[in-house]
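Structure file upload18.cif (mmCIF, C-alpha atoms and all ligand atoms) is printed below.
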```
data_target
loop_
_atom_site.label_atom_id
_atom_site.label_comp_id
_atom_site.auth_asym_id
_atom_site.auth_seq_id
_atom_site.Cartn_x
_atom_site.Cartn_y
_atom_site.Cartn_z
CA MET A 62 20.59 13.85 -26.42
CA THR A 63 19.25 17.09 -27.90
CA LEU A 64 19.55 20.39 -26.07
CA GLN A 65 15.81 20.38 -25.48
CA GLN A 66 15.95 16.91 -23.90
CA LYS A 67 18.88 18.00 -21.73
CA SER A 68 16.98 20.98 -20.39
CA LEU A 69 13.88 18.89 -19.71
CA LYS A 70 16.04 16.41 -17.80
CA LEU A 71 17.53 19.17 -15.67
CA GLN A 72 14.05 20.50 -15.02
CA LEU A 73 12.96 17.06 -13.79
CA GLU A 74 15.97 16.71 -11.51
CA SER A 75 15.39 20.03 -9.80
CA ILE A 76 11.78 19.39 -8.80
CA ASP A 77 11.18 19.10 -5.06
CA PRO A 78 7.76 17.48 -4.34
CA GLN A 79 6.99 20.01 -1.62
CA LYS A 80 7.58 22.89 -3.95
CA ALA A 81 6.07 21.16 -6.95
CA GLY A 82 2.54 21.33 -5.62
CA VAL A 83 2.26 17.69 -4.55
CA HIS A 84 -0.72 17.38 -2.22
CA PRO A 85 0.34 17.64 1.45
CA LEU A 86 -1.50 14.39 2.27
CA LEU A 87 0.77 12.50 -0.12
CA ILE A 88 3.87 14.04 1.43
CA GLN A 89 2.61 13.47 4.97
CA ARG A 90 1.91 9.75 4.46
CA SER A 91 4.70 7.45 5.49
CA SER A 92 4.88 3.89 6.76
CA GLN A 93 4.60 4.17 10.52
CA ALA A 94 5.43 1.19 12.72
CA ASN A 95 4.58 2.37 16.20
CA PHE A 96 0.99 1.99 17.33
CA ALA A 97 -0.76 2.94 20.55
CA SER A 98 -2.71 0.07 22.07
CA THR A 99 -5.95 2.12 21.92
CA GLU A 100 -8.59 0.33 19.89
CA LEU A 101 -10.02 2.10 16.88
CA GLU A 102 -13.68 3.00 16.90
CA ARG A 103 -15.93 1.01 14.63
CA GLY A 104 -16.82 4.24 12.78
CA GLN A 105 -13.14 4.88 12.02
CA ILE A 106 -12.72 1.39 10.59
CA ILE A 107 -15.82 1.82 8.44
CA GLN A 108 -14.37 5.12 7.14
CA LEU A 109 -11.23 3.27 6.06
CA LEU A 110 -13.32 0.62 4.30
CA GLN A 111 -15.44 3.27 2.61
CA ALA A 112 -12.26 4.92 1.36
CA ALA A 113 -11.06 1.57 -0.01
CA ARG A 114 -14.21 0.99 -2.02
CA CYS A 115 -13.91 4.42 -3.66
CA ALA A 116 -10.83 3.17 -5.50
CA PRO A 117 -10.95 2.85 -9.27
CA SER A 118 -10.62 -0.60 -10.81
CA SER A 119 -10.21 -1.90 -14.33
CA HIS A 120 -13.69 -2.36 -15.88
CA ASN A 121 -15.00 -1.38 -12.45
CA SER A 122 -14.49 -5.02 -11.53
CA GLN A 123 -13.79 -4.23 -7.84
CA PRO A 124 -11.99 -7.55 -7.38
CA TRP A 125 -11.31 -6.98 -3.68
CA TYR A 126 -12.50 -8.14 -0.31
CA PHE A 127 -11.45 -6.64 3.01
CA ILE A 128 -11.18 -8.50 6.28
CA VAL A 129 -10.97 -6.45 9.47
CA VAL A 130 -8.72 -8.29 11.90
CA THR A 131 -8.90 -7.00 15.47
CA ASN A 132 -8.92 -9.25 18.51
CA GLY A 133 -11.00 -12.12 17.24
CA ALA A 134 -10.16 -15.75 16.79
CA GLY A 135 -6.98 -16.17 14.84
CA ARG A 136 -5.36 -12.84 15.76
CA GLU A 137 -2.83 -14.54 17.99
CA GLU A 138 -1.73 -16.91 15.25
CA ILE A 139 -1.53 -14.01 12.79
CA ASN A 140 0.59 -12.06 15.27
CA GLN A 141 2.89 -15.02 15.76
CA ASN A 142 3.36 -15.39 12.04
CA LEU A 143 4.05 -11.67 11.61
CA ALA A 144 6.66 -11.85 14.36
CA GLU A 145 8.28 -14.90 12.76
CA SER A 146 8.29 -13.03 9.44
CA GLY A 147 10.25 -10.13 10.95
CA VAL A 148 7.40 -7.64 11.29
CA GLY A 149 6.57 -8.04 14.98
CA TRP A 150 5.63 -4.35 15.15
CA ALA A 151 2.59 -5.08 12.96
CA ALA A 152 1.29 -7.38 15.69
CA GLN A 153 0.98 -4.30 17.92
CA ALA A 154 -1.48 -2.60 15.57
CA PRO A 155 -5.05 -2.73 16.91
CA VAL A 156 -6.35 -3.29 13.39
CA LEU A 157 -4.97 -5.27 10.47
CA LEU A 158 -6.97 -4.63 7.32
CA ALA A 159 -6.49 -7.62 5.04
CA VAL A 160 -6.73 -6.66 1.36
CA VAL A 161 -7.80 -9.79 -0.49
CA PHE A 162 -7.80 -10.24 -4.27
CA ASN A 163 -10.62 -12.29 -5.74
CA SER A 164 -8.71 -13.72 -8.70
CA SER A 165 -11.89 -14.85 -10.45
CA GLU A 166 -13.02 -11.21 -10.68
CA GLY A 167 -9.80 -9.51 -11.79
CA SER A 168 -10.14 -7.78 -15.16
CA ARG A 169 -7.92 -9.11 -17.96
CA GLN A 170 -6.59 -6.59 -20.44
CA ASN A 171 -3.42 -6.38 -22.53
CA GLY A 172 -2.43 -9.87 -21.42
CA LEU A 173 -2.42 -8.78 -17.80
CA ASN A 174 -4.71 -9.45 -14.88
CA TYR A 175 -5.21 -5.98 -13.43
CA GLY A 176 -6.73 -7.27 -10.20
CA LEU A 177 -3.61 -6.95 -8.06
CA PHE A 178 -3.12 -3.45 -9.39
CA ASP A 179 -6.71 -2.59 -8.42
CA CYS A 180 -6.14 -3.99 -4.93
CA GLY A 181 -3.05 -1.77 -4.68
CA LEU A 182 -5.15 1.28 -5.49
CA ALA A 183 -7.64 0.30 -2.76
CA ALA A 184 -4.74 -0.14 -0.32
CA GLN A 185 -3.40 3.31 -1.17
CA ASN A 186 -6.86 4.76 -0.52
CA ILE A 187 -6.79 3.16 2.94
CA LEU A 188 -3.30 4.56 3.62
CA LEU A 189 -4.27 8.06 2.56
CA GLN A 190 -7.57 7.99 4.43
CA ALA A 191 -5.72 6.81 7.55
CA THR A 192 -3.20 9.64 7.12
CA SER A 193 -6.01 12.17 6.79
CA MET A 194 -7.43 10.83 10.08
CA ASN A 195 -4.03 11.23 11.77
CA LEU A 196 -3.72 7.48 12.18
CA ALA A 197 -0.50 5.50 11.79
CA ALA A 198 -0.64 3.01 8.93
CA HIS A 199 1.79 0.59 7.33
CA PRO A 200 1.46 -1.85 4.43
CA VAL A 201 2.71 -5.36 5.26
CA ASN A 202 3.42 -8.26 2.94
CA TYR A 203 5.96 -10.16 5.03
CA PHE A 204 3.94 -13.17 6.15
CA ASP A 205 3.44 -16.80 5.32
CA PRO A 206 0.59 -16.87 2.77
CA GLN A 207 -0.47 -20.44 3.60
CA THR A 208 -0.80 -19.68 7.30
CA MET A 209 -2.82 -16.54 6.59
CA ARG A 210 -5.03 -18.36 4.07
CA ARG A 211 -5.88 -20.96 6.69
CA VAL A 212 -6.46 -18.52 9.56
CA LEU A 213 -8.54 -16.11 7.46
CA LYS A 214 -10.44 -19.04 5.93
CA LEU A 215 -9.94 -17.71 2.41
CA PRO A 216 -11.69 -19.54 -0.44
CA ARG A 217 -9.38 -21.06 -3.07
CA LYS A 218 -9.45 -18.17 -5.57
CA HIS A 219 -8.98 -15.47 -2.96
CA ILE A 220 -5.45 -14.25 -2.34
CA LEU A 221 -4.21 -12.16 0.56
CA VAL A 222 -2.27 -9.34 -1.09
CA LEU A 223 -1.28 -7.39 1.99
CA PHE A 224 -2.36 -6.21 5.39
CA VAL A 225 -2.61 -2.55 6.19
CA ALA A 226 -1.70 -2.24 9.86
CA VAL A 227 -3.56 0.74 11.34
CA GLY A 228 -3.89 2.37 14.73
CA GLN A 229 -3.47 5.53 16.70
CA PRO A 230 0.17 6.61 16.49
CA GLY A 231 2.40 5.50 19.36
CA GLN A 232 4.46 7.87 21.47
CA GLN A 233 7.28 8.05 18.96
CA SER A 234 6.76 8.16 15.27
CA VAL A 235 8.79 5.22 13.98
CA SER A 236 9.31 4.62 10.32
CA THR A 237 10.59 1.14 9.41
CA GLU A 238 12.67 2.61 6.65
CA SER A 239 15.89 4.32 7.61
CA ASN A 240 16.10 5.73 4.11
CA PRO A 241 12.75 5.92 2.37
CA LEU A 242 14.23 8.08 -0.36
CA ARG A 243 12.74 8.16 -3.78
CA LYS A 244 14.56 7.67 -7.05
CA PRO A 245 15.28 10.99 -8.76
CA LEU A 246 12.45 11.91 -11.09
CA ALA A 247 14.81 12.18 -14.01
CA THR A 248 15.63 8.46 -13.72
CA ILE A 249 12.01 7.31 -13.75
CA ALA A 250 10.28 9.63 -16.20
CA ALA A 251 10.84 11.00 -19.64
CA TRP A 252 9.06 13.10 -22.15
CA ASP A 253 7.83 11.74 -25.46
CA ARG A 254 9.69 8.43 -25.42
CA TRP A 255 11.81 6.08 -23.36
CA ASP A 256 15.05 7.76 -22.37
CA GLY A 257 17.44 4.87 -22.83
CA SER A 258 20.45 6.98 -21.95
CA LEU A 259 19.66 6.66 -18.24
CA VAL A 260 18.93 2.99 -17.73
CA GLU A 261 20.30 -0.05 -19.47
CA GLU A 262 17.89 -2.93 -19.89
C1 LIG B 301 2.66 -3.75 -1.03
C2 LIG B 301 3.60 -3.29 0.04
C3 LIG B 301 4.02 -4.17 1.01
C4 LIG B 301 4.90 -3.77 2.02
N1 LIG B 301 5.26 -4.66 2.99
C5 LIG B 301 6.15 -4.27 3.93
C6 LIG B 301 6.54 -5.20 4.94
O1 LIG B 301 6.09 -6.35 5.00
N2 LIG B 301 7.46 -4.79 5.84
C7 LIG B 301 7.98 -3.53 5.82
O2 LIG B 301 8.80 -3.19 6.67
N3 LIG B 301 7.57 -2.61 4.91
C8 LIG B 301 6.68 -2.96 3.96
N4 LIG B 301 6.25 -2.04 3.03
C9 LIG B 301 6.64 -0.63 3.19
C10 LIG B 301 7.66 -0.15 2.17
O3 LIG B 301 8.93 -0.64 2.50
C11 LIG B 301 7.59 1.38 2.19
O4 LIG B 301 6.36 1.78 1.66
C12 LIG B 301 8.71 2.03 1.37
O5 LIG B 301 9.95 1.77 1.93
C13 LIG B 301 8.56 3.56 1.30
O6 LIG B 301 8.46 4.11 2.57
P1 LIG B 301 7.19 4.99 2.98
O7 LIG B 301 5.96 4.11 2.88
O8 LIG B 301 7.45 5.45 4.40
O9 LIG B 301 7.11 6.14 2.04
C14 LIG B 301 5.37 -2.43 2.03
C15 LIG B 301 4.93 -1.54 1.05
C16 LIG B 301 4.04 -1.95 0.08
C17 LIG B 301 3.56 -0.96 -0.95
#
```
Written as structure tokens, how would this file's structure read?
Amino acid sequence: MTLQQKSLKLQLESIDPQKAGVHPLLIQRSSQANFASTELERGQIIQLLQAARCAPSSHNSQPWYFIVVTNGAGREEINQNLAESGVGWAAQAPVLLAVVFNSSEGSRQNGLNYGLFDCGLAAQNILLQATSMNLAAHPVNYFDPQTMRRVLKLPRKHILVLFVAVGQPGQQSVSTESNPLRKPLATIAAWDRWDGSLVEE
């Protein structure tokens, strides 16, 4: 490793997101698993959906579909499945926003289908919008896909990627992660080329 690379590495290690100018909304967002039972207003849900559709997508393919799950038919079975999957707290959320990937619309590039990636960007928009509205939000992918497909009546080429559980925050702010630490920047980024000295493939 050259001296220049060494100093760049040290620079990366010393960066604290708060001091590095990362937007406060990104620092404020965390996966919150305690929801008040208060229902969300329709306008708030629409705001979350509007945020989702602002997301970028490869070739602007927008290969997503969102299903707003509140108290309608099927919610009980969804709740039961979430509880059986170890995420019973998600059943308490007044709203589950299902992010669905339409696999016939995903854009193919570089040998990859970018559709799931696009759906992830839409999900992040929902999470950040929820954070900006002081709502608690949590991505959830612990569930039985076959059960959810049946209950949500998804067509064959549509795939449930995740739910975003959203609601007013409960009394205590509860994060599901006891240690949501991030990998040090120096182990996940490099200048100019892959820094093989840090990770062995
Ligand atoms: C696509 C996706 C699915 C997730 N599904 C679950 C889940 O089913 N259960 C869970 O406890 N956390 C789930 N998480 C939350 C992650 O564990 C969490 O984002 C990570 O630990 C970082 O914590 P933070 O979101 O508070 O920053 C999911 C996150 C993502 C992005």
In the coordinates of the file, take the point (-14.7, 4.9, 0.7) and a cut-off of 12 Å; then, counting only C-alpha atoms, name each qualifying protein, DNA or RNA residue as a ChimeraX atom specification. /A:105-117,182-191
Store the residues picked out above, limited to C-alpha atoms, as a PDB file, in the frame of the given file.
```
ATOM      1  CA  GLN A 105     -13.140   4.880  12.020  1.00  0.00           C
ATOM      2  CA  ILE A 106     -12.720   1.390  10.590  1.00  0.00           C
ATOM      3  CA  ILE A 107     -15.820   1.820   8.440  1.00  0.00           C
ATOM      4  CA  GLN A 108     -14.370   5.120   7.140  1.00  0.00           C
ATOM      5  CA  LEU A 109     -11.230   3.270   6.060  1.00  0.00           C
ATOM      6  CA  LEU A 110     -13.320   0.620   4.300  1.00  0.00           C
ATOM      7  CA  GLN A 111     -15.440   3.270   2.610  1.00  0.00           C
ATOM      8  CA  ALA A 112     -12.260   4.920   1.360  1.00  0.00           C
ATOM      9  CA  ALA A 113     -11.060   1.570  -0.010  1.00  0.00           C
ATOM     10  CA  ARG A 114     -14.210   0.990  -2.020  1.00  0.00           C
ATOM     11  CA  CYS A 115     -13.910   4.420  -3.660  1.00  0.00           C
ATOM     12  CA  ALA A 116     -10.830   3.170  -5.500  1.00  0.00           C
ATOM     13  CA  PRO A 117     -10.950   2.850  -9.270  1.00  0.00           C
ATOM     14  CA  LEU A 182      -5.150   1.280  -5.490  1.00  0.00           C
ATOM     15  CA  ALA A 183      -7.640   0.300  -2.760  1.00  0.00           C
ATOM     16  CA  ALA A 184      -4.740  -0.140  -0.320  1.00  0.00           C
ATOM     17  CA  GLN A 185      -3.400   3.310  -1.170  1.00  0.00           C
ATOM     18  CA  ASN A 186      -6.860   4.760  -0.520  1.00  0.00           C
ATOM     19  CA  ILE A 187      -6.790   3.160   2.940  1.00  0.00           C
ATOM     20  CA  LEU A 188      -3.300   4.560   3.620  1.00  0.00           C
ATOM     21  CA  LEU A 189      -4.270   8.060   2.560  1.00  0.00           C
ATOM     22  CA  GLN A 190      -7.570   7.990   4.430  1.00  0.00           C
ATOM     23  CA  ALA A 191      -5.720   6.810   7.550  1.00  0.00           C
TER      24      ALA A 191
END
```
12 Å contact set for His120 of chain A, all atoms listed in the file, chain neighbours under 5 positions out, as a list in words: Glu166, Gly167, Ser168, Arg169, Gln170, Asn174, Tyr175, Gly176 and Asp179 of chain A
Would you name the residues within 9 Å of ligand LIG 301 (chain B), counting all atoms listed in the file, and put them as a VMD selection string? chain A and resid 88 90 to 94 143 146 to 148 151 181 184 to 185 199 to 204 222 to 225 236 to 243
For the residues selected in the previous step, produce a file with C-alpha atoms as a PDB file, in the frame of the given file.
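The file below, part_30.pdb, is the result:
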```pdb
ATOM      1  CA  ILE A  88       3.870  14.040   1.430  1.00  0.00           C
ATOM      2  CA  ARG A  90       1.910   9.750   4.460  1.00  0.00           C
ATOM      3  CA  SER A  91       4.700   7.450   5.490  1.00  0.00           C
ATOM      4  CA  SER A  92       4.880   3.890   6.760  1.00  0.00           C
ATOM      5  CA  GLN A  93       4.600   4.170  10.520  1.00  0.00           C
ATOM      6  CA  ALA A  94       5.430   1.190  12.720  1.00  0.00           C
ATOM      7  CA  LEU A 143       4.050 -11.670  11.610  1.00  0.00           C
ATOM      8  CA  SER A 146       8.290 -13.030   9.440  1.00  0.00           C
ATOM      9  CA  GLY A 147      10.250 -10.130  10.950  1.00  0.00           C
ATOM     10  CA  VAL A 148       7.400  -7.640  11.290  1.00  0.00           C
ATOM     11  CA  ALA A 151       2.590  -5.080  12.960  1.00  0.00           C
ATOM     12  CA  GLY A 181      -3.050  -1.770  -4.680  1.00  0.00           C
ATOM     13  CA  ALA A 184      -4.740  -0.140  -0.320  1.00  0.00           C
ATOM     14  CA  GLN A 185      -3.400   3.310  -1.170  1.00  0.00           C
ATOM     15  CA  HIS A 199       1.790   0.590   7.330  1.00  0.00           C
ATOM     16  CA  PRO A 200       1.460  -1.850   4.430  1.00  0.00           C
ATOM     17  CA  VAL A 201       2.710  -5.360   5.260  1.00  0.00           C
ATOM     18  CA  ASN A 202       3.420  -8.260   2.940  1.00  0.00           C
ATOM     19  CA  TYR A 203       5.960 -10.160   5.030  1.00  0.00           C
ATOM     20  CA  PHE A 204       3.940 -13.170   6.150  1.00  0.00           C
ATOM     21  CA  VAL A 222      -2.270  -9.340  -1.090  1.00  0.00           C
ATOM     22  CA  LEU A 223      -1.280  -7.390   1.990  1.00  0.00           C
ATOM     23  CA  PHE A 224      -2.360  -6.210   5.390  1.00  0.00           C
ATOM     24  CA  VAL A 225      -2.610  -2.550   6.190  1.00  0.00           C
ATOM     25  CA  SER A 236       9.310   4.620  10.320  1.00  0.00           C
ATOM     26  CA  THR A 237      10.590   1.140   9.410  1.00  0.00           C
ATOM     27  CA  GLU A 238      12.670   2.610   6.650  1.00  0.00           C
ATOM     28  CA  SER A 239      15.890   4.320   7.610  1.00  0.00           C
ATOM     29  CA  ASN A 240      16.100   5.730   4.110  1.00  0.00           C
ATOM     30  CA  PRO A 241      12.750   5.920   2.370  1.00  0.00           C
ATOM     31  CA  LEU A 242      14.230   8.080  -0.360  1.00  0.00           C
ATOM     32  CA  ARG A 243      12.740   8.160  -3.780  1.00  0.00           C
TER      33      ARG A 243
END
```
Which residues are close to Gly231 of chain A, i.e. within 8 Å by only C-alpha atoms, leaving aside same-chain residues fewer than 6 positions away? Reply as a PDB file with C-alpha atoms, in the coordinates of the input.
```
ATOM      1  CA  ASN A  95       4.580   2.370  16.200  1.00  0.00           C
ATOM      2  CA  PHE A  96       0.990   1.990  17.330  1.00  0.00           C
ATOM      3  CA  ALA A  97      -0.760   2.940  20.550  1.00  0.00           C
ATOM      4  CA  SER A  98      -2.710   0.070  22.070  1.00  0.00           C
TER       5      SER A  98
END
```
Distance atom CA of Ser164 of chain A-atom CA of Leu177 of chain A, one decimal place? 8.5 Å
How far is it from atom CA of Val227 of chain A to atom CA of Val156 of chain A, in Å with one decimal? 5.3 Å
Distance atom CA of Gln232 of chain A-atom CA of Gln153 of chain A, one decimal place? 13.1 Å
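Among the candidates A:Ser119, A:Asn132, A:Gln233, A:Thr99, the one nearest to Asn171 of chain A when counting only C-alpha atoms is A:Ser119.
Using only C-alpha atoms, the nearest neighbour of His219 of chain A within the list A:Phe178, A:Pro206, A:Ile249, A:Glu137 is A:Pro206.
Candidate residues A:Leu221, A:Met209, A:Ala198, A:Val129 were compared for distance to Phe162 of chain A, and the nearest is A:Leu221, using all atoms listed in the file.
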Gly133 of chain A surroundings by only C-alpha atoms, 12 Å radius, close-in-sequence under 4 positions cut, as a ChimeraX atom specification: /A:128-129,137-140,155-157,212-213
Give the answer as one residue: which of A:Gly149, A:Pro230, A:Gly135, A:Pro216 has the shortest atom-to-atom distance to Asn163 of chain A, using only C-alpha atoms? A:Pro216
